[in-house]
Amino acid sequence: MPDWKQIVRRNLPILTVYSPEFTEELAAHLEDSYEAALGQGSSAEAAFQQTIGQIEGRCGVWLVMRFLQEELMAGFIRGVALPGLLTSAAACFFYRVLELDHIQHKVIWLLGGQLPLWWWCLLPICGALGALLSRRNGGSRLQRIAASLLPSWVKGTFILLMFVVGFTLSGLVNDYQLVSTRLESLGLVPPGFVIIPAAFSLLGAGIAEVSTKKFRRLA
Amino acid sequence: MASVDAQIKRGSAELAVLALLAEHSLHGYEIAKQIEAQTGGVLRFDMGSLYPMLHRLERKSWVKAEWQTLPNGRRRRYYRLTASGRKQIAQLRAQWRAFFQALESVTRFQNA
């Protein structure tokens with residue numbers, strides 16, 4: 001009998017990390033499926049190929065996508081949208097406060113532009129707030145992560161759209177300088193306002209997660 | 001139309017699973033096989049449809065899952081209907097009955 005748990009872990013590593021229990025359940029299903037195929041007279045090799053086909057290639061991708069979609073979309077408003085709005089509001093608030101207090105000039109220079117170092121340092125608080133509210137609303141782990149990353153998601157999507165629109169327009173008007181500017185901004189803006197903030201927010205969410213668990217253990 | 005189609009599929013799949021679990025507790029593989037057998041293969045679940053749905057039903061507290069060890073030492077996650085699930089199944093049956101009656105009055109598909 002093949003070790004189906006091991007096979008599921010190898011083929012669906014995301015699910016294994018996210019939900020070991022679900023991995024075991026899938027392995028049990030494959031085990032039954034394999035035995036049924038053997039019982040119908042298939043050779044061991046044919047039964048194995050037939051069974052593993054359920055989690056390989058497109059089927060595997062579909063399975064992971066459906067699982068993550070369910071996890072993310074169940075109670076989306078309470079688990080992701082509202083906590084995500086809190087994260088966004090806190091991030092905007094800190095950004096404005098830094099601007100008003102003229103702290104914003106303390107930035108680091110990279111690729112010919114300025115990146116808001118102090119703002120980054122405050123983002124773990126925003127990420128933690130979103131994750132905590134999501135947890136309070138019964139959000140799953142994936143939803144807590146999504147809630148802490150919502151501002152970066154929105155900003156990333158917006159930048160990508162701006163880039164596509166800008167690129168298309170510049171292609172229409174045949175303005176190569178505009179294309180070059182867009183490409184340059186794409187090199188600076190996503191790391192400064194999407195990727196690095198996402199990492200800092202996620203750090204905050206992680207700290208909140210660990211702290212909550214420790215607090216609960218102590219309580 | 002696409003969303004209606006998706007809703008019908010989702011609703012009918014949920015009803016089928018709940019109706020099956022109303023009779024006895026089953027694990028995922030048994031649910032898939034029994035539905036396939038009872039519907040003559042018309043309704044089939046792949047793993048990507050079945051397990052996310054079972055977990056959704058569990059989140060809604062319509063079913064409860066628990067691990068059980070079989071006599072051969074294997075562990076299986078059995079799903080059983082909860083009281084809330086029983087109420088839900090009654091509602092779903094009523095909704096589907098109304099839906100089919102409405103459809104029948106227009107299409108006369110039973111006479112076709």
# chains A, B, ... in the order shown; residues from 1 in each chain; ligands from 1

$ interface_residues --of "chain A" --to "chain B" --cutoff "8 Å" --atoms "only C-alpha atoms" --output "list in words"
Glu25, Leu26, Ala28, His29, Asp32, Ser33, Gln54, Cys59, Trp62, Leu63, Val64, Arg66, Phe67, Glu70 and Ala74 of chain A

$ write_last_selection --atoms "C-alpha atoms" --output "CSV table (one decimal), in the first residue's frame"
chain,number,residue,atom,x,y,z
A,25,GLU,CA,-8.6,13.3,5.3
A,26,LEU,CA,-7.6,13.5,1.6
A,28,ALA,CA,-7.8,8.5,3.7
A,29,HIS,CA,-10.0,9.2,0.6
A,32,ASP,CA,-10.2,4.0,-0.2
A,33,SER,CA,-10.1,5.0,-3.8
A,54,GLN,CA,-7.1,12.9,-8.4
A,59,CYS,CA,-6.9,18.3,-10.4
A,62,TRP,CA,-8.3,22.9,-8.6
A,63,LEU,CA,-8.4,21.2,-5.2
A,64,VAL,CA,-6.0,23.7,-3.6
A,66,ARG,CA,-11.3,25.4,-4.1
A,67,PHE,CA,-10.1,24.8,-0.6
A,70,GLU,CA,-13.8,28.3,0.6
A,74,ALA,CA,-16.8,32.0,4.1

$ residues_around --residues "A:Thr23" --least-positions-apart "6" --cutoff "10 Å" --atoms "only C-alpha atoms" --output "mmCIF file with C-alpha atoms, in the first residue's frame"
data_model
loop_
_atom_site.group_PDB
_atom_site.id
_atom_site.type_symbol
_atom_site.label_atom_id
_atom_site.label_comp_id
_atom_site.auth_asym_id
_atom_site.auth_seq_id
_atom_site.Cartn_x
_atom_site.Cartn_y
_atom_site.Cartn_z
ATOM 1 C CA TRP A 4 -0.868 8.254 0.708
ATOM 2 C CA LYS A 5 -0.211 10.799 3.437
ATOM 3 C CA GLN A 6 3.303 11.240 2.124
ATOM 4 C CA ILE A 7 2.014 11.485 -1.450
ATOM 5 C CA VAL A 8 -0.541 14.140 -0.526
ATOM 6 C CA ARG A 9 2.119 16.087 1.379
ATOM 7 C CA LEU A 12 -0.175 19.489 -2.174
ATOM 8 C CA PRO A 13 2.410 21.175 0.058
ATOM 9 C CA ILE A 14 0.275 24.306 0.557
ATOM 10 C CA LEU A 15 -2.582 22.294 2.051
ATOM 11 C CA THR A 16 -0.167 20.334 4.196
ATOM 12 C CA VAL A 17 1.212 23.503 5.733
ATOM 13 C CA HIS A 29 -9.987 9.228 0.595
#

$ select_by_dssp --residues "chain A" --states "strand (DSSP E or B)" --output "list in words"
Ile108, Trp109, Leu110, Gly113, Gln114 and Leu115 of chain A

$ residues_around --residues "B:Trp96" --least-positions-apart "3" --cutoff "10 Å" --atoms "only C-alpha atoms" --output "JSON, numbers by chain"
{"B": [8, 11, 12, 15, 91, 92, 93, 99, 100, 101, 102]}

$ write_last_selection --atoms "N, CA and C atoms" --output "CSV table (one decimal), in the first residue's frame"
chain,number,residue,atom,x,y,z
B,8,ILE,N,-27.7,26.6,-8.4
B,8,ILE,CA,-28.5,25.3,-8.5
B,8,ILE,C,-27.6,24.1,-8.2
B,11,GLY,N,-26.6,24.2,-4.5
B,11,GLY,CA,-27.8,23.9,-3.7
B,11,GLY,C,-28.1,22.4,-3.7
B,12,SER,N,-28.1,21.9,-5.0
B,12,SER,CA,-28.5,20.5,-5.1
B,12,SER,C,-27.5,19.6,-4.5
B,15,LEU,N,-28.0,19.6,-0.8
B,15,LEU,CA,-29.2,18.9,-0.4
B,15,LEU,C,-28.9,17.4,-0.4
B,91,GLN,N,-36.0,22.8,5.2
B,91,GLN,CA,-36.2,24.0,4.5
B,91,GLN,C,-35.7,23.8,3.0
B,92,LEU,N,-34.6,23.2,2.8
B,92,LEU,CA,-34.1,23.0,1.5
B,92,LEU,C,-35.0,22.1,0.7
B,93,ARG,N,-35.6,21.1,1.3
B,93,ARG,CA,-36.5,20.2,0.6
B,93,ARG,C,-37.8,21.0,0.1
B,99,PHE,N,-39.5,24.9,-6.2
B,99,PHE,CA,-38.8,25.2,-7.4
B,99,PHE,C,-39.2,24.2,-8.6
B,100,PHE,N,-39.2,22.9,-8.2
B,100,PHE,CA,-39.6,22.0,-9.3
B,100,PHE,C,-41.1,22.1,-9.7
B,101,GLN,N,-41.9,22.4,-8.7
B,101,GLN,CA,-43.4,22.6,-9.1
B,101,GLN,C,-43.5,23.8,-10.0
B,102,ALA,N,-42.7,24.9,-9.7
B,102,ALA,CA,-42.8,26.1,-10.6
B,102,ALA,C,-42.3,25.7,-12.0

$ closest_residue --among "B:Ala37, B:Leu18, B:Arg97, B:Phe45" --to "B:Glu58" --atoms "only C-alpha atoms"
B:Leu18

$ residues_around --residues "B:Leu81" --least-positions-apart "6" --cutoff "12 Å" --atoms "only C-alpha atoms" --output "list in words"
Leu15, Val17, Leu18, Ala19, Leu20, Leu21, Ala22, Glu23, His24, Ser25, Leu26, Leu54, Leu57, Glu58, Lys60, Ser61, Trp62, Val63, Lys64, Ala65, Glu66, Lys87, Gln88 and Ile89 of chain B

$ write_last_selection --atoms "C-alpha atoms" --output "JSON list (two decimals), in the first residue's frame"
[["chain", "number", "residue", "atom", "x", "y", "z"],
["B", 15, "LEU", "CA", -29.19, 18.88, -0.37],
["B", 17, "VAL", "CA", -25.17, 15.38, 0.96],
["B", 18, "LEU", "CA", -27.43, 16.46, 3.81],
["B", 19, "ALA", "CA", -30.13, 13.97, 2.78],
["B", 20, "LEU", "CA", -27.56, 11.19, 2.74],
["B", 21, "LEU", "CA", -26.20, 12.16, 6.14],
["B", 22, "ALA", "CA", -29.73, 12.28, 7.54],
["B", 23, "GLU", "CA", -29.75, 8.48, 7.29],
["B", 24, "HIS", "CA", -26.34, 7.73, 8.83],
["B", 25, "SER", "CA", -22.84, 9.08, 9.47],
["B", 26, "LEU", "CA", -20.45, 8.68, 6.57],
["B", 54, "LEU", "CA", -18.27, 19.35, 3.57],
["B", 57, "LEU", "CA", -21.44, 22.61, 5.87],
["B", 58, "GLU", "CA", -19.39, 22.01, 8.99],
["B", 60, "LYS", "CA", -22.40, 26.41, 9.09],
["B", 61, "SER", "CA", -22.87, 23.81, 11.87],
["B", 62, "TRP", "CA", -25.19, 21.74, 9.68],
["B", 63, "VAL", "CA", -22.89, 18.75, 10.01],
["B", 64, "LYS", "CA", -20.39, 17.72, 12.64],
["B", 65, "ALA", "CA", -17.24, 15.82, 11.83],
["B", 66, "GLU", "CA", -15.20, 13.58, 14.08],
["B", 87, "LYS", "CA", -33.90, 21.95, 10.22],
["B", 88, "GLN", "CA", -31.96, 23.11, 7.20],
["B", 89, "ILE", "CA", -32.70, 19.98, 5.21]]

$ atom_distance --atom1 "atom CA of A:Gly39" --atom2 "atom CA of A:Val61"
28.2 Å

$ residues_around --residues "A:Cys92" --least-positions-apart "6" --cutoff "10 Å" --atoms "only C-alpha atoms" --output "ChimeraX atom specification"
/A:86,98,119,123,126,151

$ write_last_selection --atoms "N, CA and C atoms" --output "PDB file, in the first residue's frame"
ATOM      1  N   LEU A  86      -9.932  48.032   8.674  1.00  0.00           N
ATOM      2  CA  LEU A  86      -9.270  48.551   9.871  1.00  0.00           C
ATOM      3  C   LEU A  86      -7.756  48.676   9.621  1.00  0.00           C
ATOM      4  N   LEU A  98       2.421  61.045   9.978  1.00  0.00           N
ATOM      5  CA  LEU A  98       3.837  61.241   9.676  1.00  0.00           C
ATOM      6  C   LEU A  98       4.032  62.430   8.736  1.00  0.00           C
ATOM      7  N   TRP A 119       7.026  54.889   8.190  1.00  0.00           N
ATOM      8  CA  TRP A 119       5.691  54.318   7.970  1.00  0.00           C
ATOM      9  C   TRP A 119       5.758  52.792   7.991  1.00  0.00           C
ATOM     10  N   LEU A 123       3.726  49.783  10.367  1.00  0.00           N
ATOM     11  CA  LEU A 123       2.769  48.878   9.720  1.00  0.00           C
ATOM     12  C   LEU A 123       2.494  47.569  10.472  1.00  0.00           C
ATOM     13  N   CYS A 126      -0.624  47.953  12.296  1.00  0.00           N
ATOM     14  CA  CYS A 126      -1.834  47.884  11.459  1.00  0.00           C
ATOM     15  C   CYS A 126      -2.171  46.438  11.132  1.00  0.00           C
ATOM     16  N   PRO A 151      -4.614  46.113   2.560  1.00  0.00           N
ATOM     17  CA  PRO A 151      -4.172  47.364   1.921  1.00  0.00           C
ATOM     18  C   PRO A 151      -3.151  47.113   0.821  1.00  0.00           C
TER      19      PRO A 151
END

$ atom_distance --atom1 "atom CA of A:Phe94" --atom2 "atom CA of A:Arg135"
22.8 Å

$ residues_around --residues "A:Met73" --least-positions-apart "6" --cutoff "10 Å" --atoms "only C-alpha atoms" --output "list of chain:residue names"
A:Gly79, A:Val80, A:Gln143

$ write_last_selection --atoms "C-alpha atoms" --output "JSON list (two decimals), in the first residue's frame"
[["chain", "number", "residue", "atom", "x", "y", "z"],
["A", 79, "GLY", "CA", -13.41, 37.76, 8.48],
["A", 80, "VAL", "CA", -11.57, 39.76, 5.82],
["A", 143, "GLN", "CA", -8.60, 35.17, 6.48]]

$ select_by_dssp --residues "chain B" --states "alpha helix (DSSP H)" --output "number ranges by chain"
B: 2-23, 28-38, 47-59, 83-107

$ residues_around --residues "A:Leu133" --least-positions-apart "2" --cutoff "10 Å" --atoms "only C-alpha atoms" --output "list in words"
Arg78, Gly79, Val80, Leu82, Pro83, Gly84, Leu86, Thr87, Ala128, Leu129, Gly130, Ala131, Arg135, Arg136, Asn137, Gly138, Gly139, Arg144, Ala147 and Ser148 of chain A

$ write_last_selection --atoms "C-alpha atoms" --output "CSV table (one decimal), in the first residue's frame"
chain,number,residue,atom,x,y,z
A,78,ARG,CA,-16.6,39.8,8.9
A,79,GLY,CA,-13.4,37.8,8.5
A,80,VAL,CA,-11.6,39.8,5.8
A,82,LEU,CA,-14.0,44.7,7.9
A,83,PRO,CA,-10.6,43.8,9.5
A,84,GLY,CA,-8.9,44.7,6.3
A,86,LEU,CA,-9.3,48.6,9.9
A,87,THR,CA,-5.8,47.7,8.7
A,128,ALA,CA,-1.8,43.1,14.0
A,129,LEU,CA,-5.0,45.1,14.4
A,130,GLY,CA,-6.5,43.6,11.2
A,131,ALA,CA,-5.5,40.1,12.2
A,135,ARG,CA,-9.7,36.5,14.8
A,136,ARG,CA,-12.3,38.1,17.0
A,137,ASN,CA,-14.9,37.8,14.2
A,138,GLY,CA,-14.1,34.1,13.8
A,139,GLY,CA,-11.8,34.4,10.8
A,144,ARG,CA,-6.4,36.7,9.2
A,147,ALA,CA,-7.1,40.9,6.5
A,148,SER,CA,-3.6,42.1,7.5

$ closest_residue --among "A:Val194, A:Leu72, A:Leu117, A:Leu132" --to "A:Thr212" --atoms "only C-alpha atoms"
A:Leu132

$ atom_distance --atom1 "atom CA of B:Gln34" --atom2 "atom CA of A:Phe48"
22.1 Å
